[in-house]
Each structure stands twice: as C-alpha cells, then as structure tokens.
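Q: start.txt is reproduced below (compact mmCIF, C-alpha atoms and all ligand atoms).
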# COMPACT_ATOMS: atom_id res chain seq x y z
CA MET O 183 32.69 -2.78 -33.44
CA SER O 184 30.88 -5.51 -31.53
CA THR O 185 31.76 -8.10 -28.90
CA ALA O 186 29.91 -11.42 -28.32
CA SER O 187 27.35 -9.76 -26.01
CA GLY O 188 27.46 -6.74 -28.33
CA SER O 189 26.30 -8.85 -31.25
CA GLU O 190 23.45 -10.26 -29.13
CA PHE O 191 22.42 -6.71 -28.28
CA ALA O 192 22.66 -5.69 -31.95
CA HIS O 193 20.52 -8.65 -33.01
CA GLU O 194 17.75 -7.85 -30.52
CA ALA O 195 17.82 -4.12 -31.22
CA GLY O 196 17.83 -4.68 -34.99
CA SER O 197 14.74 -6.93 -34.77
CA TRP O 198 12.94 -4.48 -32.51
CA LEU O 199 13.69 -1.60 -34.89
CA GLN O 200 12.48 -3.56 -37.92
CA GLU O 201 9.17 -4.23 -36.18
CA ASN O 202 8.63 -0.83 -34.61
CA VAL O 203 9.87 1.96 -36.90
CA PRO O 204 6.60 3.66 -37.96
CA ARG O 205 5.82 2.73 -41.53
CA ARG O 206 4.44 6.20 -42.20
CA TRP O 207 7.82 7.70 -41.30
CA ARG O 208 9.82 5.16 -43.28
CA GLU O 209 7.77 5.63 -46.43
CA HIS O 210 6.81 9.31 -46.32
CA ARG O 211 9.32 11.11 -44.10
CA GLY O 212 10.24 13.66 -46.79
CA THR O 213 6.64 14.71 -47.45
CA LEU O 214 5.04 14.74 -43.97
CA ASP O 215 3.78 18.11 -42.75
CA GLU O 216 5.78 19.51 -39.86
CA HIS O 217 3.14 18.81 -37.16
CA GLU O 218 2.77 15.18 -38.11
CA ALA O 219 6.55 14.75 -38.26
CA ILE O 220 6.91 16.26 -34.77
CA ASP O 221 4.14 13.99 -33.39
CA ILE O 222 5.84 10.90 -34.80
CA ARG O 223 9.20 11.96 -33.35
CA ARG O 224 7.70 12.58 -29.89
CA GLN O 225 5.88 9.25 -29.99
CA TRP O 226 9.16 7.55 -31.01
CA ASP O 227 10.87 8.88 -27.87
CA ARG O 228 8.18 7.19 -25.77
CA GLN O 229 8.48 3.93 -27.71
CA LEU O 230 12.25 3.94 -27.14
CA TYR O 231 11.74 4.38 -23.42
CA GLU O 232 9.09 1.67 -23.12
CA ALA O 233 11.26 -0.81 -25.01
CA GLY O 234 14.34 -0.04 -22.87
CA TYR O 235 16.37 1.79 -25.54
CA SER O 236 16.41 5.25 -23.93
CA GLY O 237 19.56 6.25 -22.04
CA LEU O 238 21.47 3.12 -23.06
CA SER O 239 24.82 4.35 -21.76
CA LEU O 240 23.50 6.15 -18.68
CA PRO O 241 24.01 4.42 -15.32
CA LYS O 242 21.08 2.35 -14.00
CA GLU O 243 20.95 4.34 -10.75
CA PHE O 244 19.93 7.38 -12.85
CA GLY O 245 17.27 5.53 -14.86
CA GLY O 246 19.53 4.53 -17.77
CA GLN O 247 20.25 1.03 -19.07
CA GLY O 248 23.78 0.82 -17.65
CA LEU O 249 25.35 -0.24 -20.96
CA GLY O 250 28.35 1.40 -22.67
CA LEU O 251 29.00 3.87 -25.46
CA ALA O 252 29.56 0.87 -27.77
CA GLU O 253 25.88 -0.15 -27.43
CA GLU O 254 24.74 3.48 -27.78
CA VAL O 255 26.74 3.82 -31.02
CA ALA O 256 25.60 0.41 -32.30
CA PHE O 257 21.96 1.34 -31.66
CA SER O 258 22.38 4.68 -33.40
CA GLU O 259 23.82 2.93 -36.46
CA LEU O 260 21.03 0.32 -36.49
CA ALA O 261 18.36 2.99 -36.04
CA ALA O 262 19.72 4.93 -39.02
CA GLN O 263 19.79 1.72 -41.11
CA ALA O 264 16.16 1.03 -40.17
CA GLN O 265 15.27 4.65 -41.11
CA ALA O 266 13.98 5.33 -37.61
CA PRO O 267 12.83 8.83 -36.68
CA ASP O 268 15.28 11.11 -34.89
CA GLY O 269 13.56 11.55 -31.51
CA LEU O 270 12.93 15.04 -30.19
CA ALA O 271 14.25 14.11 -26.74
CA ARG O 272 17.71 13.66 -28.26
CA ILE O 273 19.28 16.89 -26.91
CA GLY O 274 17.99 16.08 -23.43
CA ARG O 275 19.30 12.52 -23.58
CA ILE O 276 22.70 13.21 -25.16
CA LEU O 277 23.54 16.61 -23.65
CA THR O 278 21.45 17.51 -20.58
CA ALA O 279 21.35 14.07 -18.94
CA PRO O 280 25.14 13.44 -18.81
CA THR O 281 25.70 17.06 -17.76
CA LEU O 282 23.28 16.63 -14.83
CA ILE O 283 24.85 13.31 -13.87
CA ALA O 284 28.30 14.95 -13.76
CA HIS O 285 27.38 18.26 -12.10
CA GLY O 286 23.72 18.29 -10.95
CA THR O 287 22.31 17.92 -7.44
CA GLU O 288 20.36 14.85 -6.42
CA GLN O 289 17.19 16.97 -6.44
CA GLN O 290 17.88 18.17 -10.01
CA ARG O 291 18.52 14.63 -11.24
CA GLU O 292 15.30 13.39 -9.65
CA ARG O 293 13.30 16.24 -11.17
CA PHE O 294 14.77 16.30 -14.70
CA LEU O 295 16.17 12.89 -15.66
CA PRO O 296 12.92 10.81 -15.68
CA PRO O 297 10.99 13.12 -18.08
CA ILE O 298 14.05 13.31 -20.38
CA LEU O 299 14.39 9.53 -20.56
CA GLN O 300 10.62 9.00 -20.89
CA GLY O 301 10.41 11.54 -23.73
CA ARG O 302 7.98 13.73 -21.75
CA GLU O 303 10.17 16.88 -21.78
CA THR O 304 12.09 18.19 -24.78
CA TRP O 305 15.29 20.22 -24.39
CA CYS O 306 17.20 22.71 -26.47
CA GLN O 307 20.78 23.93 -26.07
CA GLY O 308 21.14 27.69 -25.46
CA PHE O 309 24.87 28.22 -26.04
CA SER O 310 25.47 30.13 -29.34
CA GLU O 311 24.74 33.83 -29.67
CA PRO O 312 25.16 36.30 -32.54
CA GLY O 313 28.52 37.32 -31.00
CA ALA O 314 29.58 33.99 -29.47
CA GLY O 315 29.85 30.65 -31.28
CA SER O 316 33.34 29.20 -31.56
CA ASP O 317 34.37 31.67 -28.88
CA LEU O 318 31.81 30.41 -26.40
CA ALA O 319 33.38 32.24 -23.46
CA GLY O 320 32.18 35.45 -25.15
CA VAL O 321 28.53 34.70 -24.24
CA SER O 322 26.80 37.95 -23.31
CA CYS O 323 23.29 36.78 -22.32
CA ARG O 324 22.98 38.15 -18.76
CA ALA O 325 21.73 36.39 -15.63
CA ASP O 326 21.01 39.08 -13.01
CA LYS O 327 20.61 37.96 -9.40
CA VAL O 328 17.14 38.56 -7.95
CA ASP O 329 15.34 37.23 -4.89
CA GLY O 330 15.23 33.39 -5.10
CA GLY O 331 16.97 33.13 -8.48
CA TYR O 332 18.08 35.03 -11.58
CA GLU O 333 16.57 36.94 -14.49
CA ILE O 334 17.91 36.05 -17.95
CA THR O 335 18.08 38.76 -20.61
CA GLY O 336 19.66 38.43 -24.06
CA ARG O 337 19.62 36.58 -27.37
CA LYS O 338 20.53 33.04 -28.44
CA ILE O 339 20.79 31.86 -32.04
CA TRP O 340 20.82 28.60 -34.04
CA THR O 341 18.89 27.01 -31.15
CA SER O 342 17.80 23.62 -32.54
CA PHE O 343 14.22 22.55 -31.64
CA ALA O 344 13.64 25.72 -29.56
CA ALA O 345 10.05 25.96 -30.79
CA TYR O 346 9.26 22.47 -29.46
CA SER O 347 11.24 22.61 -26.24
CA ASP O 348 10.04 22.67 -22.65
CA ARG O 349 13.47 23.48 -21.23
CA CYS O 350 16.73 25.07 -22.30
CA LEU O 351 20.24 24.21 -21.13
CA MET O 352 21.21 27.87 -20.90
CA LEU O 353 24.71 29.33 -20.63
CA ALA O 354 24.62 32.92 -19.32
CA ARG O 355 26.91 35.52 -17.81
CA THR O 356 26.47 35.96 -14.05
CA SER O 357 29.25 38.48 -13.53
CA GLN O 358 30.55 41.41 -15.54
CA ASP O 359 33.74 41.63 -13.43
CA ALA O 360 34.98 38.07 -12.90
CA PRO O 361 37.77 36.85 -15.25
CA ARG O 362 36.81 35.16 -18.54
CA HIS O 363 35.84 31.47 -18.02
CA LYS O 364 34.84 32.28 -14.40
CA ASN O 365 31.93 34.60 -15.19
CA LEU O 366 29.48 32.10 -16.72
CA SER O 367 26.81 29.87 -15.18
CA MET O 368 24.61 27.06 -16.54
CA PHE O 369 20.85 27.03 -15.98
CA LEU O 370 17.92 24.67 -16.52
CA LEU O 371 15.52 27.26 -17.93
CA ASP O 372 11.76 26.75 -18.35
CA MET O 373 10.87 27.82 -21.93
CA ASN O 374 7.11 28.02 -21.25
CA GLN O 375 6.98 31.38 -19.51
CA PRO O 376 6.55 35.05 -20.37
CA GLY O 377 9.60 36.80 -21.83
CA VAL O 378 10.67 33.89 -24.11
CA ASP O 379 10.22 34.91 -27.75
CA ILE O 380 11.07 32.30 -30.42
CA GLY O 381 11.61 33.21 -34.09
CA THR O 382 12.21 30.22 -36.36
CA ILE O 383 14.95 30.41 -39.01
CA LYS O 384 14.54 28.85 -42.44
CA GLN O 385 17.55 26.79 -43.51
CA ILE O 386 18.98 26.70 -47.05
CA SER O 387 17.66 23.11 -47.42
CA GLY O 388 14.10 24.29 -46.64
CA GLY O 389 13.99 22.89 -43.08
CA THR O 390 13.11 25.10 -40.09
CA HIS O 391 14.52 23.15 -37.18
CA PHE O 392 16.36 25.97 -35.47
CA ALA O 393 15.50 29.43 -34.14
CA GLU O 394 16.64 32.74 -32.76
CA VAL O 395 15.38 33.15 -29.19
CA HIS O 396 15.03 36.40 -27.23
CA PHE O 397 14.89 36.32 -23.44
CA ASP O 398 13.50 39.32 -21.63
CA ARG O 399 13.92 39.05 -17.83
CA VAL O 400 13.05 35.34 -17.81
CA PHE O 401 13.12 33.87 -14.30
CA VAL O 402 15.21 30.84 -13.28
CA SER O 403 15.20 29.77 -9.64
CA ASP O 404 18.31 29.08 -7.56
CA ASP O 405 17.35 25.38 -7.78
CA GLU O 406 17.74 25.59 -11.57
CA LEU O 407 21.42 26.63 -11.45
CA ILE O 408 23.78 23.70 -12.22
CA ALA O 409 26.72 23.50 -9.82
CA GLU O 410 27.80 26.82 -8.32
CA GLU O 411 27.61 30.31 -9.84
CA GLY O 412 30.65 30.99 -12.05
CA SER O 413 31.25 27.32 -12.96
CA GLY O 414 29.37 27.47 -16.29
CA TRP O 415 32.47 27.05 -18.44
CA ARG O 416 33.45 23.82 -16.68
CA VAL O 417 29.88 22.51 -16.97
CA ALA O 418 29.70 23.49 -20.67
CA MET O 419 32.88 21.48 -21.40
CA THR O 420 31.11 18.33 -20.15
CA THR O 421 28.16 19.10 -22.44
CA LEU O 422 30.39 19.68 -25.47
CA MET O 423 32.40 16.52 -24.89
CA ASN O 424 29.17 14.51 -25.09
CA GLU O 425 27.99 16.44 -28.16
CA ARG O 426 31.14 15.56 -30.13
CA GLY O 427 31.07 11.86 -29.20
CA GLY O 428 30.53 8.90 -31.51
CA VAL O 429 26.72 8.67 -31.44
CA GLU O 430 26.13 11.43 -33.98
CA ALA O 431 28.95 10.13 -36.20
CA ALA O 432 27.48 6.60 -36.20
CA SER O 433 24.16 7.70 -37.66
CA ARG O 434 25.95 9.99 -40.14
CA TYR O 435 28.15 7.10 -41.22
CA VAL O 436 25.05 5.12 -42.22
CA GLU O 437 23.68 8.08 -44.17
CA MET O 438 27.05 8.52 -45.91
CA ARG O 439 27.27 4.80 -46.66
CA ALA O 440 23.80 4.93 -48.27
CA ASP O 441 24.80 7.99 -50.33
CA MET O 442 28.04 6.25 -51.33
CA ASP O 443 26.17 3.10 -52.43
CA LEU O 444 23.79 5.22 -54.50
CA LEU O 445 26.76 6.99 -56.09
CA LEU O 446 28.44 3.67 -56.96
CA ALA O 447 25.19 2.30 -58.44
CA MET O 448 24.63 5.51 -60.43
CA CYS O 449 28.11 5.53 -61.97
CA GLY O 450 28.33 1.81 -62.73
CA ASP O 451 31.70 0.83 -64.23
CA ASP O 452 32.51 4.20 -65.78
CA PRO O 453 36.36 4.13 -65.80
CA ARG O 454 36.61 7.96 -65.83
CA ARG O 455 35.02 8.05 -62.37
CA ALA O 456 36.55 4.93 -60.85
CA ASP O 457 39.44 6.66 -59.02
CA VAL O 458 37.23 9.33 -57.42
CA LEU O 459 34.68 6.74 -56.29
CA ALA O 460 37.29 4.32 -54.93
CA ASP O 461 38.84 7.11 -52.87
CA LEU O 462 35.48 8.22 -51.39
CA ASP O 463 34.48 4.62 -50.71
CA ARG O 464 37.73 3.86 -48.89
CA ARG O 465 37.45 6.99 -46.74
CA THR O 466 33.82 6.17 -45.85
CA GLU O 467 35.05 2.94 -44.28
CA LEU O 468 37.83 4.88 -42.54
CA VAL O 469 35.10 6.86 -40.74
CA ARG O 470 33.62 3.60 -39.46
CA TRP O 471 37.04 2.55 -38.19
CA GLN O 472 37.54 5.91 -36.44
CA ILE O 473 34.12 5.55 -34.74
CA SER O 474 35.12 2.21 -33.26
CA LYS O 475 38.48 3.67 -32.22
CA ALA O 476 36.73 6.54 -30.38
CA VAL O 477 34.41 4.07 -28.63
CA HIS O 478 37.37 2.05 -27.34
CA LEU O 479 39.01 5.21 -25.98
CA GLU O 480 35.90 6.33 -24.05
CA ALA O 481 37.41 5.70 -20.61
CA ASP O 482 40.41 7.96 -21.27
CA GLU O 483 39.05 11.52 -21.50
CA THR O 484 42.17 13.02 -23.13
CA GLU O 485 42.37 10.35 -25.82
CA PHE O 486 38.59 10.42 -26.34
CA VAL O 487 38.60 14.18 -27.04
CA ARG O 488 41.46 13.72 -29.53
CA ALA O 489 39.70 10.85 -31.31
CA THR O 490 36.31 12.60 -31.53
CA SER O 491 37.85 15.81 -32.93
CA ILE O 492 39.51 13.78 -35.70
CA LEU O 493 36.24 11.91 -36.26
CA LYS O 494 34.20 15.13 -36.57
CA VAL O 495 36.50 16.55 -39.27
CA LEU O 496 36.65 13.21 -41.12
CA TRP O 497 32.91 12.51 -41.36
CA SER O 498 31.64 16.06 -41.88
CA GLU O 499 34.05 16.97 -44.68
CA LEU O 500 33.80 13.59 -46.37
CA TRP O 501 29.98 13.77 -46.40
CA GLN O 502 30.25 17.18 -48.08
CA GLU O 503 32.59 15.72 -50.72
CA ILE O 504 30.26 12.76 -51.38
CA THR O 505 27.23 15.01 -51.83
CA THR O 506 29.21 17.40 -54.08
CA VAL O 507 30.27 14.52 -56.34
CA GLY O 508 26.73 13.08 -56.17
CA LEU O 509 25.22 16.35 -57.35
CA ARG O 510 27.81 16.67 -60.14
CA PHE O 511 27.29 13.11 -61.46
CA SER O 512 23.54 12.89 -60.80
CA SER O 513 20.97 12.00 -63.40
CA ALA O 514 17.58 13.77 -63.47
CA ALA O 515 16.05 10.87 -61.51
CA HIS O 516 18.28 11.48 -58.48
CA ARG O 517 18.85 15.22 -58.71
CA GLU O 518 16.35 16.16 -55.95
CA HIS O 519 17.96 13.71 -53.52
CA TRP O 520 21.47 15.02 -54.18
CA ARG O 521 20.40 18.67 -54.09
CA TYR O 522 18.86 18.15 -50.63
CA GLN O 523 21.80 16.14 -49.30
CA TYR O 524 24.28 18.66 -50.70
CA LEU O 525 22.54 21.55 -48.89
CA GLU O 526 22.03 19.60 -45.65
CA SER O 527 25.67 18.52 -45.51
CA ARG O 528 26.94 22.14 -45.58
CA SER O 529 26.05 22.59 -41.90
CA ALA O 530 27.99 19.49 -40.80
CA SER O 531 31.34 21.29 -40.66
CA ILE O 532 29.78 24.05 -38.49
CA PHE O 533 27.61 22.50 -35.75
CA SER O 534 29.16 20.86 -32.66
CA GLY O 535 32.34 22.89 -33.28
CA THR O 536 33.54 23.97 -36.73
CA SER O 537 36.24 22.15 -38.70
CA GLU O 538 38.69 24.98 -37.98
CA ILE O 539 38.10 24.62 -34.23
CA GLN O 540 38.53 20.83 -34.44
CA ARG O 541 41.77 21.38 -36.36
CA ASN O 542 42.98 23.75 -33.63
CA ILE O 543 42.30 20.98 -31.08
CA ILE O 544 44.06 18.38 -33.25
CA SER O 545 47.11 20.56 -33.83
CA GLU O 546 47.49 21.37 -30.13
CA ARG O 547 46.42 18.15 -28.43
CA VAL O 548 47.33 15.49 -31.01
CA LEU O 549 50.31 17.01 -32.84
CA GLY O 550 51.58 19.05 -29.88
CA LEU O 551 52.01 22.21 -31.94
CA PRO O 552 52.17 25.57 -30.11
CA ARG O 553 48.96 27.66 -29.84
C1 LIG M 601 22.61 22.90 -38.02
C2 LIG M 601 23.11 23.65 -36.82
C3 LIG M 601 22.53 23.44 -35.59
C4 LIG M 601 22.98 24.17 -34.47
N1 LIG M 601 22.35 23.97 -33.26
C5 LIG M 601 22.75 24.69 -32.19
C6 LIG M 601 22.07 24.57 -30.93
O1 LIG M 601 21.11 23.80 -30.80
N2 LIG M 601 22.48 25.32 -29.89
C7 LIG M 601 23.54 26.17 -29.99
O2 LIG M 601 23.88 26.79 -28.99
N3 LIG M 601 24.21 26.33 -31.17
C8 LIG M 601 23.82 25.61 -32.26
N4 LIG M 601 24.47 25.78 -33.47
C9 LIG M 601 25.51 26.80 -33.58
C10 LIG M 601 26.92 26.26 -33.72
O3 LIG M 601 27.36 25.70 -32.51
C11 LIG M 601 27.79 27.47 -34.15
O4 LIG M 601 27.35 27.85 -35.44
C12 LIG M 601 29.26 27.10 -34.19
O5 LIG M 601 29.77 26.90 -32.90
C13 LIG M 601 30.09 28.22 -34.89
O6 LIG M 601 29.85 29.45 -34.31
P1 LIG M 601 29.45 30.73 -35.19
O7 LIG M 601 28.34 30.32 -36.11
O8 LIG M 601 29.20 31.86 -34.27
O9 LIG M 601 30.71 31.03 -36.11
P2 LIG M 601 32.04 31.80 -35.65
O10 LIG M 601 32.50 31.27 -34.34
O11 LIG M 601 31.78 33.27 -35.75
O12 LIG M 601 33.05 31.35 -36.76
C14 LIG M 601 33.07 31.93 -38.08
C15 LIG M 601 34.22 31.30 -38.84
O13 LIG M 601 35.47 31.62 -38.20
C16 LIG M 601 36.18 30.43 -37.86
N5 LIG M 601 36.86 30.59 -36.56
C17 LIG M 601 36.33 31.10 -35.43
N6 LIG M 601 37.23 31.06 -34.42
C18 LIG M 601 38.36 30.49 -34.93
C19 LIG M 601 39.64 30.16 -34.40
N7 LIG M 601 39.94 30.38 -33.12
N8 LIG M 601 40.54 29.57 -35.22
C20 LIG M 601 40.25 29.32 -36.53
N9 LIG M 601 39.06 29.62 -37.10
C21 LIG M 601 38.11 30.19 -36.31
C22 LIG M 601 35.11 29.35 -37.76
O14 LIG M 601 35.64 28.05 -37.96
C23 LIG M 601 34.15 29.77 -38.87
O15 LIG M 601 34.61 29.30 -40.12
C24 LIG M 601 24.04 25.09 -34.60
C25 LIG M 601 24.65 25.28 -35.86
C26 LIG M 601 24.18 24.59 -36.96
C27 LIG M 601 24.84 24.85 -38.30
So that I can check it, write out the structure of this file as structure tokens.
A:
Amino acid sequence: MSTASGSEFAHEAGSWLQENVPRRWREHRGTLDEHEAIDIRRQWDRQLYEAGYSGLSLPKEFGGQGLGLAEEVAFSELAAQAQAPDGLARIGRILTAPTLIAHGTEQQRERFLPPILQGRETWCQGFSEPGAGSDLAGVSCRADKVDGGYEITGRKIWTSFAAYSDRCLMLARTSQDAPRHKNLSMFLLDMNQPGVDIGTIKQISGGTHFAEVHFDRVFVSDDELIAEEGSGWRVAMTTLMNERGGVEAASRYVEMRADMDLLLAMCGDDPRRADVLADLDRRTELVRWQISKAVHLEADETEFVRATSILKVLWSELWQEITTVGLRFSSAAHREHWRYQYLESRSASIFSGTSEIQRNIISERVLGLPR
C-alpha cells in the first residue's frame, strides 16, 4: 500500500500515534463513562490538528495537508492499530469538508472548514428518515422559503452523534412540485437553536451513538444553502462517494485482523476448524488488497465507485462472518468480547448504503446487467 515517501509518512505517523494515544483510552475504552469518552474524543480531534494529521487528503489551500487518499488510509490503519480514539470531528472531516470543497462558496469554506479541521465544531449527517434510507430521493423533511432563508420541519433518524453536534449536513425538500432528484437542497444547519429536539436511540450492543431528531420550523439562512436550490441530490452524491471510500474500510480491516488473530489463537491447531479459519483468514487479506486497489483508482471516479462498492460488501459481510464464528467457538474467557463484536458488526451491512444497494451498483456498473 505504501511508496517510498509513503513509508516515511507511515513511520512518522506510527511513532506519533504510539506517543500520543491517550493511555486512559487505550486501557479503559470499554469502561469509560460516556462524558469522559466524549471529552477524550474531542481532545483527540484537537491533538490531530495540532500535529498536522487533520484533513490529510484535503488541499492545502483549504487548510488540509495536501496529501493523497493513500496517506489518509494509511493513517486510519495505523490509528486503529494504535487503538486511537475515533474523533468526533470525523463526519465533518470526511463528509462535510469535501462536500464544501466541491460545491460550497468561498464564504462557506472560510466559515466552516477551519473549525472542522481544528475539531472545534462537530457535525452530523441528516440524510435518513423513517421513510427514506436506501431511497434517499424520498426525503420528506421540508424546507419552506421564508425571508432571508428557509424553515426546516420534519424528522431524521439514525443520526450519528446528533446529541454532540453543532451543525448538521441536512438534506431537505425545497419543492413539492419539481421532479424527483430536482426537488432537494442541502443545508448547513445550526443544531443549537430552538425547534431541534434530539432523542437518543439505544443500540442492540448497548451503545447510544445515534438519535432520532425532530425539526420544528428551524431556521437556516440563504448563506447556509450549499450550491443552488434544487441541487441537493447532486451535492448528496458527492457526500456519499466520500462516505463509502477506503478510510472507513482501512480501520475496519485492522479490527477484523485483530479479531481474526484472536480466533486463530483461540482455536490453535484444531483440525476440525482449520478449513473455516483458513478461508476467513485468506478473505481478510483480500479486503486489504481491495483497499489498496480502491486507493489507486481514486482519480477515476467511475472506477473508484465500483471498487468502493465491492469493498463495502467484502469487509462488512466478512466481519459479520468472523464475529459469528468467534461467538460460536468462543470460550468463557472471550465470550463478552465476541458477543459485543457480533452485535456491533450487524450494522456494518446497513450504514453507508446496505449490502443490497451495493450489489445493485455492482450488478449495474461492474457487471453491466440491466436495471
Ligand atoms: C450504525 C448506523 C449509523 C448510521 N448513521 C447515519 C447518519 O449519521 N446519518 C444518516 O442520515 N443515516 C445514518 N444511518 C442510516 C443508514 O444510512 C440507513 O439505515 C441505510 O441507508 C438504509 O436505510 P433504511 O434503514 O431506511 O432501510 P431501507 O432503505 O428501508 O431498506 C430496508 C431493506 O430493504 C432493502 N432495499 C431497499 N431498497 C432496495 C433496493 N432498491 N434493492 C434491493 N434491496 C433494497 C435494504 O437493503 C434493506 O435490507 C445509519 C445507520 C446505521 C446502522
């Protein structure tokens, strides 16, 4: 995955991570109370910025480091290996920032990019609704035109980090009459105002990282509309392309590799399990190969979308298989670990586009099958 300069970068980043990952997080992450965990994650965003590891692949002119996706993916893998916290500014950095660079005004970039990169403002993604997930064009949250801006009314669901967010990248319907895909607009909504009501949702694993959010006539100014009214679908496609990229897969690969190593150690040389383990082990390394393939295709948007759809199906379904086998073969000593990983991995084939949706993309755009 690395070039000569890439290995230099990896060496420096690896040393920095070893020295700076908070020991409290590394040793107690599973038992920290929620407030302490959030504080550590916020602080980590600031540390990343100060050390020059925030916005690695964003252009220098926009406050990034001007490196490539390869370095971003390498850093994500190293951070997972070093058991670094997952910063809270992640949605802002991975989704909002590239969306603003592609479609925002100069004024919007100046206002929003620095606090995202510095970890001073946290973002959530307001796309999914009770009646619109895979079929995102079915969004029904309304944005009604008023003097100087819009009023947003409706409901979003599965909104990760909503309770900790300052801003929401909000997809809403600006016209009831315009044709589908031309009736949506994207907003940069301030979450700290009257009319925003956040109800956290408890996940099957016990976590509470996402929420259902009600918006009751919440104001967004004209300056907080990205691109022109009615272009929300086009803007959302940029956001989703970044969401399905290799960065998420790289950190998941490390988690899967660690689970796979634990599984191999647990089962020893048991010949009855050798075939199953060899198959899972081989496919784990196939995920790594597919990550590096996606990185090399970054410049070609069509090929990149194909590669990342394949990657998403590969890693999410394989992780579920590994945790299923882990739970089945686990001894009492490891049962809690495997139970948690098993439950956490269920969501992997849903978020960032379900496996069925990825397979639709693969069948149409890779295999050329009819719709
Ligand atoms: C952990 C987690 C975090 C999330 N975070 C966020 C977030 O921060 N912001 C946000 O906006 N959303 C978030 N989501 C929501 C996620 O994007 C949606 O759950 C996902 O897009 C699926 O939509 P849905 O739940 O409405 O299911 P549906 O779209 O209703 O799908 C139900 C089932 O039907 C299948 N299906 C639907 N359409 C088709 C089709 N055309 N062909 C074949 N099968 C189909 C699906 O694959 C699925 O199995 C998160 C989800 C999870 C699990």
Q: Which of these residues is nearest to Phe401 (chain O), using all atoms listed in the file: O:Asp443, O:Asp457, O:Asp329, O:Glu425?
A: O:Asp329
Q: With 6 Å of padding per side, what axis-aligned box (centre and edge lengths, Å, one decimal) covers all the listed atoms of ligand LIG 601 (chain M)? Give it as lines of an AutoDock Vina configuration file.
A:
center_x = 30.8
center_y = 28.1
center_z = -34.6
size_x = 31.4
size_y = 22.4
size_z = 23.1
Q: Which is closest to ligand LIG 601 (chain M) among O:Ser474, O:Thr341, O:Ser239, O:Thr421, if we use all atoms listed in the file?
A: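 When distances to ligand LIG 601 (chain M) are compared using all atoms listed in the file, the smallest one comes from O:Thr341.
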Q: Neighbours of ligand LIG 601 (chain M) at 9 Å or closer, counting only C-alpha atoms and all ligand atoms: which residues, as a ChimeraX atom specification?
A: /O:273,306-318,338-344,352-353,385,391-393,526,528-542
Q: I'd like the interatomic distance between CA of Pro241 (chain O) and CA of Ala279 (chain O), to a tenth of an Å.
A: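 Computed distance, CA of Pro241 (chain O) to CA of Ala279 (chain O), equals 10.6 Å.
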Q: From the options O:Pro297, O:Gly320, O:Gly331, O:Gly388, which residue's atoms come nearest to Glu411 (chain O), counting only C-alpha atoms?
A: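 When distances to Glu411 (chain O) are compared using only C-alpha atoms, the smallest one comes from O:Gly331.
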Q: So, counting only C-alpha atoms, which residue among O:Ala271, O:Leu251, O:Val203, O:Ala262 is closest to Ser236 (chain O)?
A: O:Ala271
Q: Rounded to one decimal in Å, what is the spacing between CA of Trp501 (chain O) and CA of Ala266 (chain O)?
A: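 That distance, rounded to one decimal, is 20.1 Å.
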Q: Scan for residues within 10 Å of the point (11.9, 7.7, -40.4) in the coordinates of the file, using only C-alpha atoms, and reply as a PyMOL selection string.
A: chain O and resi 203-212+219+222-223+226+261-269
Q: Would you mind listing what lies within 10 Å of Leu270 (chain O) as a count of residues only, with only C-alpha atoms counted and same-chain residues fewer than 5 positions away left out?
A: 18
Q: Out of O:Val378, O:Ile386, O:Ile283, O:Leu299, which residue has the shortest atom-to-atom distance to Tyr235 (chain O) when counting all atoms listed in the file?
A: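 With all atoms listed in the file as the atom set, the closest residue is O:Leu299.
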Q: Enter the distance from CA of Ala195 (chain O) to CA of Leu238 (chain O), in Å, rounded to one decimal.
A: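 CA of Ala195 (chain O) sits 11.5 Å away from CA of Leu238 (chain O).
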Q: Which neighbours of Ala418 (chain O) fall inside 9 Å, counting only C-alpha atoms, when residues of the same chain fewer than 5 positions from it are skipped, and could you give them as a list in words?
A: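 These residues fall inside the cut-off: Thr281, Phe309, Leu353, Ser367, Met368, Ser413 and Met423 of chain O.
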Q: Counting all atoms listed in the file, which residue out of O:Lys494, O:His217, O:Lys364, O:Arg455 sits closest to Glu430 (chain O)?
A: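 Going through O:Lys494, O:His217, O:Lys364, O:Arg455 one by one, the smallest distance to Glu430 (chain O) is for O:Lys494.
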Q: Around the point (22.2, 6.5, -34.6) in the file's coordinates, collect all residues with an atom within 7 Å, using all atoms listed in the file, and return them as a ChimeraX atom specification.
A: /O:255,257-262,429-430,432-433
